[in-house]
Structures are given as C-alpha cells and as structure tokens.
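**Student:** Before anything else, here's the structure in question.
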Amino acid sequence: MNKKLAAALSGGAVLMLTLSGCSDDSNKKVDDWAKTFCNTAQPQFKKITDANAAIQAQTRDDSKPADVQKTDSAAFQQISDAYKALGAAVDKAGAPPVKDGATTQQEAVKELNASSVSYANLKKKVDALNAGDQAAFAKGLEDIATELGKISSTGDASLKKLESGDIGKAMQKQPGCQKQTPSAPAPSGSGAGAPAASSSPSGSASPSGAASSSASPKS
C-alpha cells in the first residue's frame, strides 16, 4: 500500500523538478530572475526528492508498519517545509519580468503555501494511524494515498504558468531548477531537515503504503 502513496507522490507536479536541458534564448532580466530563484530553491527541490525517495524505500514487502509510519510522517513534514520555503523563494525573488509577472508570482506563492499546509495535514493523519492494527493502518494509508493524489493533481495552474514561456526557458538553464537526484543513501530521521528511513516528488513529494496481515506493507 505504501506503493500507492509513492505512486501518488511521483505523479504530483512539483515546480521545475521536471525541467531539464537548456535553452538558447536569452533575456538578461529574465535570466537574472531565474538565477535568483533557482539558486535559493535548489535545496528545497532536493529535500522533496529525498523525502519521496524515503517513502519509496518503504514499499518493500518486509517494511514494518511502524517504520512506514515514521518514514511517511517525516517525509511529509520535510515536503511541507520545502513547499513553504519555495513560496518564500518566489516571494523573495520578486515579480518575474514578464507580462502579468506580479500576478503570476502572487498566485504561485499562494499555491506553494497551500501545498505546504496540505502536506502538514497529511503528516498529522499519518501520525494518527494505529500501526498496531494492521487492517486499519492499511486502510488509513490507502485513504491518505487517495487524498495525496488529489493534492498532486490540483492547484498547480499558477506553478505551471510560472515555469512556462520565457521564465520557463530561463529556468531550464539553471542547474538549481533542473531535476534533482536523490541522496545516496537516503537520509534518516525526522523533521524538516531529514526524511526518515531511507523518492522524486515529485518531491517532491512529495510527498508509500499499507500493512498486510503479516505486518508487511503491500500494494
């Protein structure tokens, strides 16, 4: 079941994590904005990627419910913190020098902050699950995976707008906005700085499964 949660994370849209390659187009003001944002945002993209990797690592059939719970909780917290920091990065970078840049910036910040809240709520729901009741734990994770899927598929219109057009082309040239590679080995622990236990979001994220009657999560 943690496999369903991992799949929901990998299907989510995380700003710029899918960008790769480079663009030949040049616009100094736009390039400067992209550099300012991407340099600040890179660590946050990395956190989302690592958190997703941690959740993915707990899709093994021998993963224990308590370990899955600890990992997913820490990963969701890390993704939540990363989204909040990304919102701050967009806000700090200022309005991108393109048409309707201020509006695009404001909406992107709003969506990133909303995503942060959503992942924080998922953490609370994971924490509330009873890892000792395997059937209930499995059902709870399945419900969380369904909710995560909804979060991943909605509310990213402004983010897509931010990564399109001239801004998107400029971001493609910035290493900080290109797809990140998970740390190896994945960090362990909990909290904003480390996903517990061992993804890409797309996370991001993003931000992973359920237990069977034999106490091992299965899809």
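Chain labels follow the order of the structure tokens: the first chain is A, the next B, and so on; residue numbering restarts at 1 in every chain, and ligands are counted from 1 in their shown order.
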Excluding Leu86 (chain A) and any residue of its chain fewer than 3 positions from it, enumerate the residues within 8 Å of it, using only C-alpha atoms, and give them as number ranges by chain.

**Tutor:** A: 41, 44, 82-83, 89-90, 109, 112

**Student:** Those residues with N, CA, C and O atoms, as a compact mmCIF listing (two decimals), in the first residue's frame please?

**Tutor:**
```
# COMPACT_ATOMS: atom_id res chain seq x y z
N ALA A 41 16.05 28.01 -4.49
CA ALA A 41 15.10 26.91 -4.47
C ALA A 41 15.74 25.52 -4.52
O ALA A 41 15.15 24.55 -4.06
N GLN A 44 15.53 23.10 -1.63
CA GLN A 44 14.16 22.67 -1.33
C GLN A 44 13.72 21.57 -2.29
O GLN A 44 13.04 20.61 -1.89
N ALA A 82 9.55 22.24 2.72
CA ALA A 82 10.16 22.61 1.44
C ALA A 82 9.23 23.49 0.62
O ALA A 82 9.66 24.49 0.02
N TYR A 83 7.95 23.13 0.57
CA TYR A 83 6.99 23.94 -0.17
C TYR A 83 6.88 25.35 0.43
O TYR A 83 6.79 26.34 -0.29
N ALA A 89 10.86 31.64 -1.47
CA ALA A 89 11.85 31.90 -2.51
C ALA A 89 11.24 32.67 -3.68
O ALA A 89 11.86 33.59 -4.22
N VAL A 90 10.02 32.28 -4.07
CA VAL A 90 9.34 33.00 -5.14
C VAL A 90 9.02 34.43 -4.69
O VAL A 90 9.19 35.39 -5.44
N VAL A 109 3.03 31.82 -5.12
CA VAL A 109 3.30 31.81 -3.68
C VAL A 109 2.11 31.25 -2.92
O VAL A 109 2.26 30.41 -2.01
N LEU A 112 1.99 27.43 -3.45
CA LEU A 112 3.07 26.74 -2.74
C LEU A 112 2.77 26.68 -1.24
O LEU A 112 2.99 25.65 -0.59
```

**Student:** Given only C-alpha atoms as the basis, pick out the residue of A:Phe76, A:Asp50, A:Lys161, A:Asp133 nearest to Thr103 (chain A).

**Tutor:**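 Distance minimum relative to Thr103 (chain A) lands on A:Lys161.
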
**Student:** Given only C-alpha atoms, how would the per-residue table for region 150-180 of chain A near region 31-38 of chain A read, listing every residue at most 10 Å away with its closest atom pair and distance in Å to one decimal, sorted by chain and number, as a Markdown table?

**Tutor:**
```
| residue | atom | partner | partner_atom | distance |
| --- | --- | --- | --- | --- |
| A:Glu163 | CA | A:Ala34 | CA | 9.9 |
| A:Asp166 | CA | A:Asp31 | CA | 8.9 |
| A:Ile167 | CA | A:Ala34 | CA | 6.8 |
| A:Gly168 | CA | A:Ala34 | CA | 8.4 |
| A:Lys169 | CA | A:Asp31 | CA | 8.8 |
| A:Ala170 | CA | A:Asp31 | CA | 5.2 |
| A:Met171 | CA | A:Ala34 | CA | 5.3 |
| A:Gln172 | CA | A:Ala34 | CA | 8.9 |
| A:Lys173 | CA | A:Asp31 | CA | 8.4 |
| A:Gln174 | CA | A:Lys35 | CA | 6.2 |
| A:Pro175 | CA | A:Cys38 | CA | 7.6 |
| A:Gly176 | CA | A:Cys38 | CA | 4.8 |
| A:Cys177 | CA | A:Cys38 | CA | 5.2 |
| A:Gln178 | CA | A:Cys38 | CA | 8.8 |
```

**Student:** Write out, as a CSV table (one decimal), in the first residue's frame, the residues just selected, with C-alpha atoms.

**Tutor:**
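Once written, result.csv looks like this:
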```csv
chain,number,residue,atom,x,y,z
A,163,GLU,CA,7.5,27.6,-15.5
A,166,ASP,CA,10.4,33.0,-21.1
A,167,ILE,CA,10.6,32.3,-17.4
A,168,GLY,CA,10.5,28.5,-18.0
A,169,LYS,CA,13.2,28.8,-20.7
A,170,ALA,CA,15.4,30.8,-18.3
A,171,MET,CA,14.8,28.3,-15.5
A,172,GLN,CA,15.8,25.4,-17.8
A,173,LYS,CA,19.3,26.9,-18.0
A,174,GLN,CA,19.6,27.0,-14.2
A,175,PRO,CA,21.0,23.8,-12.6
A,176,GLY,CA,19.1,24.6,-9.4
A,177,CYS,CA,15.8,24.3,-11.2
A,178,GLN,CA,16.6,21.1,-13.0
```

**Student:** Taking only C-alpha atoms into account, which of A:Leu159, A:Ala88, A:Leu141, A:Ala53 comes nearest Val126 (chain A)?

**Tutor:**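 Nearest to Val126 (chain A): A:Leu141.
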
**Student:** To one decimal in Å, tell me the separation between CA of Asp143 (chain A) and CA of Gln58 (chain A).

**Tutor:**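 CA of Gln58 (chain A) lies at a distance of 17.3 Å from CA of Asp143 (chain A).
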
**Student:** Based on DSSP run over this structure's backbone, return all residues of region 1-135 of chain A in alpha helix (DSSP H), as a VMD selection string.

**Tutor:** chain A and resid 2 to 10 28 to 57 65 to 93 101 to 128 134 to 135

**Student:** For the residues in the current selection, export C-alpha atoms as an mmCIF file, in the first residue's frame.

**Tutor:**
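Output saved as out.cif:
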```cif
data_model
loop_
_atom_site.group_PDB
_atom_site.id
_atom_site.type_symbol
_atom_site.label_atom_id
_atom_site.label_comp_id
_atom_site.auth_asym_id
_atom_site.auth_seq_id
_atom_site.Cartn_x
_atom_site.Cartn_y
_atom_site.Cartn_z
ATOM 1 C CA ASN A 2 2.915 2.325 0.554
ATOM 2 C CA LYS A 3 3.381 1.696 -3.161
ATOM 3 C CA LYS A 4 0.136 3.570 -3.822
ATOM 4 C CA LEU A 5 1.329 6.502 -1.749
ATOM 5 C CA ALA A 6 4.675 6.523 -3.546
ATOM 6 C CA ALA A 7 2.887 6.425 -6.895
ATOM 7 C CA ALA A 8 0.679 9.353 -5.888
ATOM 8 C CA LEU A 9 3.780 11.352 -4.964
ATOM 9 C CA SER A 10 5.569 10.589 -8.205
ATOM 10 C CA LYS A 28 19.129 39.131 -19.116
ATOM 11 C CA LYS A 29 16.382 40.344 -16.781
ATOM 12 C CA VAL A 30 14.501 37.072 -17.026
ATOM 13 C CA ASP A 31 17.735 35.090 -16.681
ATOM 14 C CA ASP A 32 18.694 37.080 -13.594
ATOM 15 C CA TRP A 33 15.288 36.400 -12.011
ATOM 16 C CA ALA A 34 15.551 32.691 -12.779
ATOM 17 C CA LYS A 35 19.063 32.517 -11.326
ATOM 18 C CA THR A 36 17.981 34.298 -8.134
ATOM 19 C CA PHE A 37 15.033 31.964 -7.647
ATOM 20 C CA CYS A 38 16.673 28.706 -8.680
ATOM 21 C CA ASN A 39 19.768 29.186 -6.520
ATOM 22 C CA THR A 40 17.530 29.648 -3.494
ATOM 23 C CA ALA A 41 15.097 26.907 -4.469
ATOM 24 C CA GLN A 42 17.562 24.117 -5.259
ATOM 25 C CA PRO A 43 17.943 22.852 -1.663
ATOM 26 C CA GLN A 44 14.157 22.669 -1.334
ATOM 27 C CA PHE A 45 13.780 20.644 -4.519
ATOM 28 C CA LYS A 46 16.443 18.313 -3.168
ATOM 29 C CA LYS A 47 14.538 17.903 0.105
ATOM 30 C CA ILE A 48 11.375 16.964 -1.781
ATOM 31 C CA THR A 49 13.266 14.463 -3.924
ATOM 32 C CA ASP A 50 14.894 12.878 -0.885
ATOM 33 C CA ALA A 51 11.593 12.707 1.013
ATOM 34 C CA ASN A 52 9.938 10.954 -1.904
ATOM 35 C CA ALA A 53 12.878 8.537 -2.075
ATOM 36 C CA ALA A 54 12.431 7.753 1.605
ATOM 37 C CA ILE A 55 8.775 6.892 1.073
ATOM 38 C CA GLN A 56 9.636 4.805 -1.974
ATOM 39 C CA ALA A 57 12.161 2.860 0.094
ATOM 40 C CA PRO A 65 4.016 -0.612 9.745
ATOM 41 C CA ALA A 66 5.779 1.378 12.465
ATOM 42 C CA ASP A 67 8.717 2.078 10.138
ATOM 43 C CA VAL A 68 6.379 3.056 7.302
ATOM 44 C CA GLN A 69 4.531 5.419 9.639
ATOM 45 C CA LYS A 70 7.734 7.035 10.910
ATOM 46 C CA THR A 71 9.146 7.440 7.416
ATOM 47 C CA ASP A 72 5.980 8.829 5.853
ATOM 48 C CA SER A 73 5.434 11.243 8.718
ATOM 49 C CA ALA A 74 8.957 12.652 8.499
ATOM 50 C CA ALA A 75 8.798 12.822 4.696
ATOM 51 C CA PHE A 76 5.509 14.709 4.679
ATOM 52 C CA GLN A 77 6.923 17.188 7.198
ATOM 53 C CA GLN A 78 10.000 17.687 5.034
ATOM 54 C CA ILE A 79 7.908 18.210 1.900
ATOM 55 C CA SER A 80 5.668 20.654 3.766
ATOM 56 C CA ASP A 81 8.675 22.664 4.936
ATOM 57 C CA ALA A 82 10.164 22.614 1.443
ATOM 58 C CA TYR A 83 6.991 23.940 -0.170
ATOM 59 C CA LYS A 84 6.825 26.720 2.393
ATOM 60 C CA ALA A 85 10.435 27.633 1.656
ATOM 61 C CA LEU A 86 9.758 27.562 -2.092
ATOM 62 C CA GLY A 87 6.912 30.010 -1.563
ATOM 63 C CA ALA A 88 9.304 32.270 0.313
ATOM 64 C CA ALA A 89 11.855 31.901 -2.510
ATOM 65 C CA VAL A 90 9.336 33.002 -5.143
ATOM 66 C CA ASP A 91 8.279 35.879 -2.909
ATOM 67 C CA LYS A 92 11.881 36.956 -2.307
ATOM 68 C CA ALA A 93 12.768 36.768 -5.997
ATOM 69 C CA GLY A 101 4.554 38.834 -13.585
ATOM 70 C CA ALA A 102 3.272 40.193 -10.278
ATOM 71 C CA THR A 103 0.043 38.226 -10.527
ATOM 72 C CA THR A 104 1.896 35.068 -11.522
ATOM 73 C CA GLN A 105 4.231 35.492 -8.570
ATOM 74 C CA GLN A 106 1.422 36.058 -6.073
ATOM 75 C CA GLU A 107 -0.580 33.075 -7.268
ATOM 76 C CA ALA A 108 2.474 30.810 -7.253
ATOM 77 C CA VAL A 109 3.303 31.812 -3.680
ATOM 78 C CA LYS A 110 -0.300 31.164 -2.684
ATOM 79 C CA GLU A 111 -0.288 27.684 -4.225
ATOM 80 C CA LEU A 112 3.067 26.741 -2.739
ATOM 81 C CA ASN A 113 1.916 27.780 0.729
ATOM 82 C CA ALA A 114 -1.329 25.864 0.266
ATOM 83 C CA SER A 115 0.656 22.760 -0.694
ATOM 84 C CA SER A 116 2.751 23.194 2.439
ATOM 85 C CA VAL A 117 -0.388 23.167 4.566
ATOM 86 C CA SER A 118 -1.764 20.132 2.717
ATOM 87 C CA TYR A 119 1.359 18.060 3.366
ATOM 88 C CA ALA A 120 1.432 19.147 7.012
ATOM 89 C CA ASN A 121 -2.138 17.849 7.306
ATOM 90 C CA LEU A 122 -1.110 14.548 5.727
ATOM 91 C CA LYS A 123 1.631 14.232 8.334
ATOM 92 C CA LYS A 124 -0.952 14.656 11.096
ATOM 93 C CA LYS A 125 -3.121 11.962 9.538
ATOM 94 C CA VAL A 126 -0.207 9.543 9.265
ATOM 95 C CA ASP A 127 0.744 10.234 12.882
ATOM 96 C CA ALA A 128 -2.832 9.458 13.967
ATOM 97 C CA GLN A 134 -2.668 -3.762 10.557
ATOM 98 C CA ALA A 135 -6.012 -3.701 8.780
#
```

**Student:** Between CA of Ala136 (chain A) and CA of Arg60 (chain A), what is the spacing in Å?

**Tutor:**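 The value is 19.1 Å.
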